[in-house]
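Shown next: my_file14.txt, containing compact mmCIF, C-alpha atoms.
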# COMPACT_ATOMS: atom_id res chain seq x y z
CA MET U 1 11.15 26.39 -26.42
CA ARG U 2 11.49 30.01 -27.57
CA ARG U 3 8.70 29.32 -30.09
CA SER U 4 6.44 28.18 -27.24
CA ARG U 5 6.88 31.46 -25.39
CA LYS U 6 5.90 33.32 -28.56
CA GLY U 7 2.77 31.18 -28.99
CA LYS U 8 4.13 29.48 -32.11
CA ALA U 9 4.98 26.07 -30.72
CA VAL U 10 5.09 22.99 -32.93
CA VAL U 11 2.97 20.35 -31.19
CA LEU U 12 2.63 16.71 -32.24
CA THR U 13 0.77 13.84 -30.61
CA ALA U 14 2.57 10.79 -29.22
CA GLU U 15 1.35 8.92 -32.29
CA GLU U 16 2.42 11.55 -34.83
CA ILE U 17 5.94 11.94 -33.42
CA ILE U 18 6.85 8.33 -34.22
CA GLU U 19 6.49 8.75 -37.98
CA PHE U 20 7.85 12.32 -37.90
CA ALA U 21 11.04 11.27 -36.12
CA ALA U 22 11.49 8.28 -38.42
CA GLU U 23 11.30 10.61 -41.42
CA LYS U 24 13.35 13.53 -40.09
CA GLY U 25 15.75 11.73 -37.74
CA LEU U 26 15.94 12.30 -33.98
CA LYS U 27 18.26 15.30 -34.08
CA LYS U 28 16.26 17.30 -36.62
CA ALA U 29 12.94 16.28 -35.07
CA ALA U 30 14.14 17.51 -31.66
CA GLN U 31 15.00 20.86 -33.22
CA GLU U 32 11.65 21.25 -34.97
CA VAL U 33 9.17 19.93 -32.37
CA ASP U 34 8.42 21.79 -29.14
CA VAL U 35 5.83 19.61 -27.43
CA VAL U 36 4.56 16.04 -27.70
CA THR U 37 1.10 15.43 -26.25
CA THR U 38 0.33 12.17 -24.48
CA GLY U 39 -2.85 10.81 -22.95
CA THR U 40 -4.72 7.96 -21.34
CA PHE U 41 -8.36 7.23 -20.49
CA GLY U 42 -8.84 4.25 -18.23
CA PRO U 43 -10.19 2.97 -14.90
CA MET U 44 -8.27 4.44 -11.96
CA CYS U 45 -9.57 3.21 -8.61
CA SER U 46 -7.41 5.45 -6.42
CA SER U 47 -9.46 8.54 -7.23
CA GLY U 48 -11.91 10.74 -5.40
CA ALA U 49 -13.03 14.28 -4.66
CA TYR U 50 -12.94 16.76 -1.77
CA PHE U 51 -15.94 19.00 -1.19
CA ASN U 52 -16.78 21.99 0.98
CA VAL U 53 -20.56 22.26 0.95
CA GLY U 54 -20.93 25.48 2.94
CA HIS U 55 -22.74 26.05 6.23
CA THR U 56 -26.39 25.44 6.96
CA LYS U 57 -28.63 27.49 9.25
CA PRO U 58 -28.33 26.46 12.02
CA ARG U 59 -24.86 25.07 11.45
CA ILE U 60 -23.98 21.38 11.47
CA LYS U 61 -20.68 19.62 12.18
CA LEU U 62 -20.45 16.69 9.77
CA GLY U 63 -17.26 15.37 11.37
CA GLY U 64 -18.02 12.73 13.98
CA GLY U 65 -21.33 11.80 12.38
CA LYS U 66 -22.31 10.08 9.14
CA THR U 67 -22.76 11.73 5.75
CA TYR U 68 -23.92 10.31 2.42
CA LEU U 69 -24.27 11.44 -1.18
CA ASN U 70 -26.94 9.39 -2.95
CA ASP U 71 -26.56 6.82 -0.15
CA ILE U 72 -22.80 6.55 -0.77
CA PRO U 73 -20.81 7.15 2.44
CA VAL U 74 -18.22 9.93 2.45
CA TYR U 75 -15.29 10.51 4.81
CA VAL U 76 -16.00 13.35 7.25
CA GLY U 77 -12.98 13.30 9.56
CA LEU U 78 -12.05 16.82 8.51
CA ALA U 79 -13.64 20.18 9.35
CA ALA U 80 -17.33 20.93 9.85
CA VAL U 81 -18.49 20.85 6.22
CA ASP U 82 -15.52 19.34 4.37
CA PHE U 83 -15.59 15.72 3.23
CA PHE U 84 -14.00 13.29 0.80
CA LEU U 85 -15.84 10.97 -1.57
CA GLY U 86 -13.88 7.95 -2.76
CA ALA U 87 -14.48 6.62 -6.26
CA THR U 88 -14.85 3.01 -5.08
CA ALA U 89 -17.17 3.76 -2.13
CA MET U 90 -20.42 1.77 -2.25
CA PRO U 91 -23.73 1.79 -0.32
CA GLU U 92 -23.52 0.21 3.12
CA ASP U 93 -26.87 -1.59 3.00
CA ASP U 94 -27.50 -1.90 -0.73
CA PRO U 95 -27.63 -5.54 -1.90
CA ARG U 96 -25.49 -4.50 -4.85
CA ASN U 97 -22.71 -4.17 -2.30
CA LYS U 98 -22.46 -7.97 -2.46
CA ILE U 99 -21.47 -7.49 -6.12
CA PHE U 100 -23.00 -10.65 -7.48
CA PRO U 101 -21.60 -11.49 -10.92
CA GLY U 102 -23.77 -9.93 -13.58
CA LYS U 103 -25.09 -7.20 -11.28
CA PHE U 104 -24.50 -3.49 -11.82
CA SER U 105 -22.65 -1.75 -8.96
CA TYR U 106 -23.30 1.91 -8.05
CA GLY U 107 -20.79 3.91 -6.08
CA GLY U 108 -18.77 7.07 -5.55
CA ALA U 109 -17.48 7.28 -9.10
CA TYR U 110 -21.03 7.55 -10.44
CA VAL U 111 -21.82 10.31 -7.94
CA ILE U 112 -18.76 12.23 -9.17
CA GLU U 113 -19.86 11.79 -12.79
CA GLU U 114 -23.40 12.94 -11.98
CA LEU U 115 -22.17 16.04 -10.15
CA VAL U 116 -19.84 16.96 -13.01
CA ALA U 117 -22.77 16.53 -15.40
CA GLY U 118 -24.65 19.21 -13.42
CA LYS U 119 -27.11 16.89 -11.70
CA ASP U 120 -28.45 17.25 -8.17
CA VAL U 121 -27.61 14.52 -5.66
CA VAL U 122 -29.09 13.84 -2.23
CA LEU U 123 -26.97 14.91 0.74
CA THR U 124 -28.00 13.32 4.04
CA ALA U 125 -26.18 13.66 7.34
CA THR U 126 -26.47 12.99 11.05
CA ALA U 127 -24.35 14.70 13.70
CA TYR U 128 -24.08 14.74 17.49
CA GLY U 129 -24.55 18.49 17.88
CA THR U 130 -22.41 21.03 19.74
CA ASP U 131 -22.89 24.54 21.14
CA CYS U 132 -21.43 26.06 17.96
CA TYR U 133 -22.86 23.42 15.59
CA PRO U 134 -26.27 22.54 17.08
CA ARG U 135 -27.95 20.94 14.07
CA LYS U 136 -28.14 17.14 14.22
CA THR U 137 -29.73 16.10 10.90
CA LEU U 138 -29.68 17.28 7.32
CA GLU U 139 -31.32 16.08 4.12
CA THR U 140 -31.21 18.16 0.96
CA TYR U 141 -30.44 18.16 -2.74
CA ILE U 142 -27.09 19.64 -3.72
CA SER U 143 -25.12 20.21 -6.93
CA LEU U 144 -21.64 21.41 -7.78
CA LYS U 145 -22.83 24.96 -8.26
CA ASP U 146 -24.08 24.98 -4.65
CA MET U 147 -20.69 24.00 -3.20
CA ASN U 148 -17.95 26.38 -2.14
CA GLU U 149 -15.22 24.12 -3.51
CA ALA U 150 -15.02 20.78 -5.26
CA SER U 151 -11.63 19.31 -6.10
CA LEU U 152 -10.79 16.05 -7.80
CA PHE U 153 -7.85 14.56 -5.89
CA ASN U 154 -6.50 11.24 -7.15
CA ILE U 155 -3.71 9.62 -5.17
CA ARG U 156 -2.67 7.06 -7.79
CA ASN U 157 -3.30 7.61 -11.51
CA ALA U 158 -1.61 7.09 -14.90
CA TYR U 159 0.22 3.88 -13.97
CA GLN U 160 3.47 3.50 -15.88
CA ASN U 161 2.77 0.11 -17.45
CA TYR U 162 0.83 -2.62 -15.67
CA ASN U 163 0.24 -6.38 -15.50
CA VAL U 164 -1.33 -8.55 -18.14
CA ALA U 165 -4.00 -10.39 -16.13
CA VAL U 166 -4.83 -14.04 -16.85
CA ASN U 167 -6.54 -16.87 -14.99
CA LEU U 168 -5.06 -20.38 -15.02
CA SER U 169 -7.68 -21.86 -12.68
CA ASP U 170 -10.65 -23.86 -13.93
CA LYS U 171 -13.30 -21.30 -12.89
CA VAL U 172 -14.17 -17.71 -13.85
CA ILE U 173 -12.82 -15.06 -11.46
CA TYR U 174 -13.95 -11.45 -11.10
CA THR U 175 -11.23 -8.84 -10.58
CA TYR U 176 -10.40 -5.15 -10.88
CA MET U 177 -8.79 -6.15 -14.19
CA GLY U 178 -12.16 -7.40 -15.40
CA VAL U 179 -13.65 -10.85 -15.78
CA LEU U 180 -10.93 -13.46 -16.30
CA GLN U 181 -11.98 -16.62 -18.07
CA PRO U 182 -10.68 -20.03 -16.87
CA LYS U 183 -7.67 -21.81 -18.33
CA MET U 184 -6.29 -18.57 -19.79
CA GLY U 185 -9.37 -18.02 -21.91
CA ASN U 186 -8.56 -14.32 -22.12
CA ALA U 187 -5.85 -11.82 -21.17
CA ASN U 188 -6.65 -8.29 -19.94
CA TYR U 189 -4.17 -5.41 -20.19
CA CYS U 190 -5.03 -1.82 -19.27
CA SER U 191 -2.72 0.76 -20.86
CA ALA U 192 -2.73 3.43 -23.53
CA GLY U 193 0.55 1.95 -24.77
CA GLN U 194 2.58 4.29 -26.94
CA LEU U 195 0.20 7.15 -26.08
CA SER U 196 0.57 6.73 -22.30
CA PRO U 197 2.11 9.74 -20.47
CA LEU U 198 4.70 7.99 -18.29
CA LEU U 199 5.77 5.64 -21.08
CA ASN U 200 6.70 8.73 -23.12
CA ASP U 201 8.71 10.16 -20.24
CA PRO U 202 9.83 6.94 -18.53
CA LEU U 203 12.58 8.52 -16.43
CA TYR U 204 10.53 11.58 -15.39
CA LYS U 205 12.72 14.09 -17.18
CA THR U 206 9.85 16.59 -17.60
CA VAL U 207 6.87 15.35 -15.59
CA GLY U 208 6.94 16.30 -11.91
CA VAL U 209 5.42 18.34 -9.10
CA GLY U 210 3.44 21.22 -10.51
CA SER U 211 3.21 19.93 -14.08
CA ARG U 212 0.06 21.32 -15.68
CA ILE U 213 -2.04 18.60 -17.28
CA PHE U 214 -5.38 17.79 -18.87
CA LEU U 215 -7.49 16.16 -16.14
CA GLY U 216 -11.05 14.96 -16.51
CA GLY U 217 -11.78 17.47 -19.27
CA GLY U 218 -10.34 20.42 -17.35
CA VAL U 219 -7.02 21.73 -16.08
CA GLY U 220 -5.17 19.72 -13.47
CA TYR U 221 -1.76 19.54 -11.83
CA VAL U 222 0.64 16.84 -10.76
CA VAL U 223 0.87 16.90 -6.96
CA GLY U 224 3.72 14.42 -6.81
CA THR U 225 4.37 10.73 -7.13
CA GLY U 226 1.33 8.57 -6.55
CA THR U 227 0.98 5.74 -4.07
CA GLN U 228 2.79 2.52 -5.01
CA HIS U 229 5.26 4.57 -7.06
CA ASN U 230 8.05 2.10 -7.82
CA PRO U 231 10.57 3.54 -10.29
CA GLY U 232 13.37 1.08 -9.50
CA VAL U 233 12.09 -1.81 -11.62
CA LYS U 234 13.72 -3.59 -14.54
CA ARG U 235 13.49 -1.66 -17.79
CA THR U 236 14.20 -2.09 -21.47
CA GLU U 237 17.11 -0.23 -23.05
CA GLY U 238 14.62 2.48 -24.02
CA GLY U 239 13.60 3.01 -20.39
CA VAL U 240 10.25 1.21 -20.57
CA PRO U 241 9.53 -0.61 -17.27
CA LYS U 242 8.80 -4.32 -17.58
CA MET U 243 6.23 -4.28 -14.76
CA PRO U 244 4.07 -1.72 -12.88
CA ALA U 245 6.33 1.21 -12.03
CA GLY U 246 5.66 4.94 -11.67
CA THR U 247 2.37 6.62 -10.71
CA LEU U 248 1.11 10.18 -10.38
CA SER U 249 -0.96 11.96 -7.76
CA VAL U 250 -3.07 14.64 -9.44
CA THR U 251 -5.63 17.31 -8.59
CA GLY U 252 -7.88 19.81 -10.32
CA ASP U 253 -11.06 21.90 -10.03
CA LEU U 254 -13.97 19.47 -10.42
CA LYS U 255 -16.28 22.32 -11.43
CA MET U 256 -14.30 22.80 -14.64
CA MET U 257 -14.36 19.13 -15.66
CA SER U 258 -16.57 17.12 -18.02
CA PRO U 259 -18.53 13.86 -17.67
CA ASN U 260 -17.04 12.90 -21.04
CA TRP U 261 -13.71 12.40 -19.25
CA LEU U 262 -14.84 11.28 -15.79
CA ARG U 263 -17.02 8.19 -16.02
CA GLY U 264 -18.35 5.90 -13.33
CA THR U 265 -17.56 2.31 -14.23
CA SER U 266 -18.93 -0.97 -12.87
CA PHE U 267 -16.72 -4.06 -12.97
CA THR U 268 -18.74 -7.26 -12.86
CA GLY U 269 -18.28 -9.11 -9.60
CA TYR U 270 -15.77 -6.55 -8.29
CA GLY U 271 -17.33 -3.14 -7.74
CA VAL U 272 -16.96 0.44 -8.90
CA THR U 273 -14.13 2.55 -10.25
CA LEU U 274 -13.69 5.92 -11.96
CA THR U 275 -12.52 6.06 -15.57
CA VAL U 276 -10.30 9.16 -15.80
CA GLY U 277 -8.97 11.08 -18.78
CA ILE U 278 -5.42 12.39 -18.31
CA GLY U 279 -3.26 14.20 -20.84
CA VAL U 280 0.33 15.27 -20.22
CA PRO U 281 2.35 17.53 -22.56
CA ILE U 282 6.01 16.56 -22.88
CA PRO U 283 8.25 19.57 -23.66
CA ILE U 284 11.02 18.54 -26.04
CA LEU U 285 14.05 20.02 -24.32
CA ASP U 286 16.64 17.85 -26.04
CA GLU U 287 17.17 14.85 -28.29
CA GLU U 288 17.06 12.37 -25.40
CA ILE U 289 13.55 13.44 -24.39
CA LEU U 290 12.45 13.32 -28.01
CA ARG U 291 13.74 9.75 -28.31
CA TYR U 292 11.65 8.61 -25.35
CA THR U 293 8.48 10.00 -26.98
CA THR U 294 9.00 7.79 -30.03
CA VAL U 295 8.25 4.62 -28.04
CA LYS U 296 6.13 2.12 -30.01
CA ASP U 297 3.62 -0.44 -28.78
CA GLU U 298 5.85 -3.30 -29.91
CA GLU U 299 8.63 -1.99 -27.64
CA ILE U 300 6.46 -2.18 -24.52
CA TRP U 301 6.92 -5.33 -22.44
CA THR U 302 5.33 -6.29 -19.15
CA GLN U 303 4.70 -9.26 -16.89
CA VAL U 304 1.86 -11.77 -17.26
CA VAL U 305 0.25 -12.51 -13.88
CA ASP U 306 -2.04 -15.41 -12.98
CA TYR U 307 -4.65 -13.67 -10.82
CA SER U 308 -6.01 -16.97 -9.52
CA GLU U 309 -2.67 -17.51 -7.77
CA ALA U 310 -1.14 -14.04 -7.26
CA TYR U 311 -4.38 -12.77 -5.67
CA PRO U 312 -5.40 -15.68 -3.42
CA GLN U 313 -8.33 -13.72 -2.05
CA CYS U 314 -9.86 -14.11 -5.54
CA ILE U 315 -11.14 -17.60 -4.70
CA PRO U 316 -13.89 -18.47 -7.19
CA GLY U 317 -17.28 -18.44 -5.49
CA SER U 318 -15.96 -16.77 -2.32
CA TRP U 319 -18.46 -13.87 -2.30
CA GLU U 320 -21.67 -14.14 -0.30
CA ARG U 321 -24.67 -15.54 -2.13

Mind turning the file's structure into structure tokens?
Amino acid sequence: MRRSRKGKAVVLTAEEIIEFAAEKGLKKAAQEVDVVTTGTFGPMCSSGAYFNVGHTKPRIKLGGGKTYLNDIPVYVGLAAVDFFLGATAMPEDDPRNKIFPGKFSYGGAYVIEELVAGKDVVLTATAYGTDCYPRKTLETYISLKDMNEASLFNIRNAYQNYNVAVNLSDKVIYTYMGVLQPKMGNANYCSAGQLSPLLNDPLYKTVGVGSRIFLGGGVGYVVGTGTQHNPGVKRTEGGVPKMPAGTLSVTGDLKMMSPNWLRGTSFTGYGVTLTVGIGVPIPILDEEILRYTTVKDEEIWTQVVDYSEAYPQCIPGSWER
């Protein structure tokens, strides 16, 4: 890593390192390469953003009332003008909230994308009023540049492997893994495979609290393990988990991000999610770490799950019509 400190690091992608290590051998490759870059770009529902929108004149206390961005409800149980917008939040009264198959769903993820793209959104709020915060209503346009702070904060991203989703029932079902055709007519798997960050560092030798990463087109940081983090699963000899395992919680300055890497996404018959770009550099500290970064797609195994049975709430035709 001495070369890295001098600004002369040798950096290869997770794809390039496979051929390089095969040609040079693990020992020599570990001596010559300083960093392997990994990345993923996929739907990550457990995402959202914190905002501080600044004080109005007269002041308003959003907490205890109701606040919306483009008719999408936000969580205001914080301070006077702080709130959290979840990626999967949807309009309370919009008929799209019934998510009929074939209908486009609009929600928090699209608001995040629009804000990052520099667009204005409509902020509406009602409050009960206090001596120090007397204002009771607010309706205005607002953009990222108007806000004091805007931080992407995702509590579960970059899943380390995941299910292959299938449907063995005799009807179509609509899931967060996409539309699943009857009688195993398709199989959906969401992973960057050999490029995926936590599959290149399966035992978390280098990725941890404070790791600086690429997040949504800007700079982000690993806050810690994400929700549903489950490292104690069965693994291959190379450390690859055979089912959903580790996750990351990440954060970054939303004002520095790009709509190219934060995209609102509508899943037919399910709802809304945020497609997030994450890149994690793996420092090559020794031969063992280098070996993990040479993982190939054909070495990645996972479980096949029948979503018509494993998710019994996914009863075909169960949504309101």

Around the point (-12.9, 11.2, -9.0) (coordinates from the file), which residues reach within 9 Å if we count only C-alpha atoms? Answer as a tab-separated table (two decimals) with C-alpha atoms, in the frame of the given file.
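Output file part-v2.tsv is given in full below:
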chain	number	residue	atom	x	y	z
U	44	MET	CA	-8.27	4.44	-11.96
U	45	CYS	CA	-9.57	3.21	-8.61
U	46	SER	CA	-7.41	5.45	-6.42
U	47	SER	CA	-9.46	8.54	-7.23
U	48	GLY	CA	-11.91	10.74	-5.40
U	49	ALA	CA	-13.03	14.28	-4.66
U	85	LEU	CA	-15.84	10.97	-1.57
U	86	GLY	CA	-13.88	7.95	-2.76
U	87	ALA	CA	-14.48	6.62	-6.26
U	108	GLY	CA	-18.77	7.07	-5.55
U	109	ALA	CA	-17.48	7.28	-9.10
U	112	ILE	CA	-18.76	12.23	-9.17
U	113	GLU	CA	-19.86	11.79	-12.79
U	151	SER	CA	-11.63	19.31	-6.10
U	152	LEU	CA	-10.79	16.05	-7.80
U	153	PHE	CA	-7.85	14.56	-5.89
U	154	ASN	CA	-6.50	11.24	-7.15
U	216	GLY	CA	-11.05	14.96	-16.51
U	254	LEU	CA	-13.97	19.47	-10.42
U	262	LEU	CA	-14.84	11.28	-15.79
U	263	ARG	CA	-17.02	8.19	-16.02
U	264	GLY	CA	-18.35	5.90	-13.33
U	273	THR	CA	-14.13	2.55	-10.25
U	274	LEU	CA	-13.69	5.92	-11.96
U	275	THR	CA	-12.52	6.06	-15.57
U	276	VAL	CA	-10.30	9.16	-15.80

> Using only C-alpha atoms, which of the listed residues (U:Val240, U:Met90, U:Val209, U:Val81) sits closest to U:Lys296?
Replying inline: U:Val240

>> Give me the residues near U:Lys242 as a list in words, where near means some atom within 10 Å (using only C-alpha atoms) and where sequence neighbours in that chain fewer than 4 positions away do not count.
In response: Gln160, Asn161, Tyr162, Asn163, Val233, Lys234, Arg235, Thr236, Ile300, Trp301, Thr302 and Gln303 of chain U

> Which value, in Å to one decimal, gives the distance between atom CA of U:Tyr311 and atom CA of U:Gly107?
Replying inline: 23.4 Å

Check which residues of stretch 11-74 of chain U sit at most 8 Å from stretch 285-289 of chain U using all atoms listed in the file, and return one row each with the closest pair of atoms and their distance in Å to one decimal, ordered by chain and rising number, as JSON lines.
{"residue": "U:Leu26", "atom": "CA", "partner": "U:Glu287", "partner_atom": "CA", "distance": 6.4}
{"residue": "U:Lys27", "atom": "CA", "partner": "U:Glu287", "partner_atom": "CA", "distance": 5.9}
{"residue": "U:Ala30", "atom": "CA", "partner": "U:Glu287", "partner_atom": "CA", "distance": 5.3}
{"residue": "U:Gln31", "atom": "CA", "partner": "U:Asp286", "partner_atom": "CA", "distance": 8.0}
{"residue": "U:Asp34", "atom": "CA", "partner": "U:Leu285", "partner_atom": "CA", "distance": 7.6}

What would the file look like if the residues just selected were written as a PDB file, in the frame of the given file with C-alpha atoms?
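Just written: part28.pdb:
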ATOM      1  CA  LEU U  26      15.940  12.300 -33.980  1.00  0.00           C
ATOM      2  CA  LYS U  27      18.260  15.300 -34.080  1.00  0.00           C
ATOM      3  CA  ALA U  30      14.140  17.510 -31.660  1.00  0.00           C
ATOM      4  CA  GLN U  31      15.000  20.860 -33.220  1.00  0.00           C
ATOM      5  CA  ASP U  34       8.420  21.790 -29.140  1.00  0.00           C
TER       6      ASP U  34
END

> Given the choices U:Val53, U:Ala165, U:Val280, U:Leu198, which gets closest to U:Val295 if the distance is worked out from only C-alpha atoms?
Replying inline: U:Leu198

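When all atoms listed in the file are used to compute distances to U:Thr126, the closest of the residues U:Gly64, U:Pro58, U:Gly39, U:Pro244 turns out to be U:Gly64.
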
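Distance annotation: of U:Leu115, U:Met257, U:Ala79, U:Leu62, the residue with the minimal separation from U:Met147 is U:Leu115; atom set is only C-alpha atoms.
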
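Among the candidates U:Asp93, U:Glu299, U:Asp170, U:Glu237, the residue lying nearest to U:Lys183 is U:Asp170 (atoms considered: only C-alpha atoms).
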
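Excluding U:Thr67 itself and any same-chain residue fewer than 4 positions from it, the protein and nucleic acid residues within 10 Å of it, counting all atoms listed in the file, are Leu62, Gly63, Asp71, Ile72, Pro73, Val74, Tyr75, Val76, Phe83, Leu123, Thr124, Ala125, Thr126, Ala127, Thr137, Leu138 and Glu139 of chain U.
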
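With all atoms listed in the file as the atoms that count, the residue of U:Val164, U:Leu78, U:Val121, U:Val207 with the shortest distance to U:Met184 is U:Val164.
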
Taking the structure in the block just given, could you write stretch 155-172 of chain U with N, CA and C atoms, as an mmCIF file, in the first residue's frame?
data_model
loop_
_atom_site.group_PDB
_atom_site.id
_atom_site.type_symbol
_atom_site.label_atom_id
_atom_site.label_comp_id
_atom_site.auth_asym_id
_atom_site.auth_seq_id
_atom_site.Cartn_x
_atom_site.Cartn_y
_atom_site.Cartn_z
ATOM 1 N N ILE U 155 -30.475 1.855 5.133
ATOM 2 C CA ILE U 155 -30.232 0.945 6.251
ATOM 3 C C ILE U 155 -29.931 -0.490 5.824
ATOM 4 N N ARG U 156 -30.199 -0.831 4.557
ATOM 5 C CA ARG U 156 -29.836 -2.173 4.091
ATOM 6 C C ARG U 156 -29.579 -2.128 2.591
ATOM 7 N N ASN U 157 -28.303 -2.151 2.220
ATOM 8 C CA ASN U 157 -27.899 -2.119 0.812
ATOM 9 C C ASN U 157 -26.853 -3.193 0.540
ATOM 10 N N ALA U 158 -26.578 -3.403 -0.759
ATOM 11 C CA ALA U 158 -25.466 -4.257 -1.215
ATOM 12 C C ALA U 158 -25.531 -5.665 -0.647
ATOM 13 N N TYR U 159 -26.709 -6.287 -0.702
ATOM 14 C CA TYR U 159 -26.882 -7.633 -0.158
ATOM 15 C C TYR U 159 -25.799 -8.579 -0.684
ATOM 16 N N GLN U 160 -25.249 -9.351 0.238
ATOM 17 C CA GLN U 160 -24.226 -10.333 -0.112
ATOM 18 C C GLN U 160 -24.920 -11.617 -0.564
ATOM 19 N N ASN U 161 -25.166 -11.679 -1.871
ATOM 20 C CA ASN U 161 -25.917 -12.771 -2.485
ATOM 21 C C ASN U 161 -27.404 -12.631 -2.149
ATOM 22 N N TYR U 162 -28.237 -13.319 -2.884
ATOM 23 C CA TYR U 162 -29.674 -13.270 -2.610
ATOM 24 C C TYR U 162 -30.353 -14.492 -3.225
ATOM 25 N N ASN U 163 -31.674 -14.574 -3.023
ATOM 26 C CA ASN U 163 -32.440 -15.703 -3.565
ATOM 27 C C ASN U 163 -32.554 -15.643 -5.089
ATOM 28 N N VAL U 164 -32.740 -16.804 -5.684
ATOM 29 C CA VAL U 164 -33.313 -16.894 -7.018
ATOM 30 C C VAL U 164 -34.817 -17.092 -6.816
ATOM 31 N N ALA U 165 -35.623 -16.187 -7.371
ATOM 32 C CA ALA U 165 -37.066 -16.211 -7.142
ATOM 33 C C ALA U 165 -37.777 -16.916 -8.291
ATOM 34 N N VAL U 166 -38.621 -17.899 -7.945
ATOM 35 C CA VAL U 166 -39.437 -18.593 -8.933
ATOM 36 C C VAL U 166 -40.864 -18.696 -8.405
ATOM 37 N N ASN U 167 -41.758 -19.153 -9.249
ATOM 38 C CA ASN U 167 -43.173 -19.283 -8.895
ATOM 39 C C ASN U 167 -43.684 -20.623 -9.409
ATOM 40 N N LEU U 168 -43.991 -21.532 -8.497
ATOM 41 C CA LEU U 168 -44.476 -22.859 -8.877
ATOM 42 C C LEU U 168 -46.005 -22.947 -8.903
ATOM 43 N N SER U 169 -46.690 -21.845 -8.581
ATOM 44 C CA SER U 169 -48.147 -21.870 -8.625
ATOM 45 C C SER U 169 -48.621 -21.796 -10.078
ATOM 46 N N ASP U 170 -49.923 -21.800 -10.271
ATOM 47 C CA ASP U 170 -50.457 -21.786 -11.635
ATOM 48 C C ASP U 170 -50.934 -20.395 -12.060
ATOM 49 N N LYS U 171 -50.583 -19.346 -11.265
ATOM 50 C CA LYS U 171 -50.952 -17.986 -11.631
ATOM 51 C C LYS U 171 -49.759 -17.057 -11.475
ATOM 52 N N VAL U 172 -49.769 -15.952 -12.235
ATOM 53 C CA VAL U 172 -48.723 -14.933 -12.117
ATOM 54 C C VAL U 172 -48.773 -14.307 -10.728
#
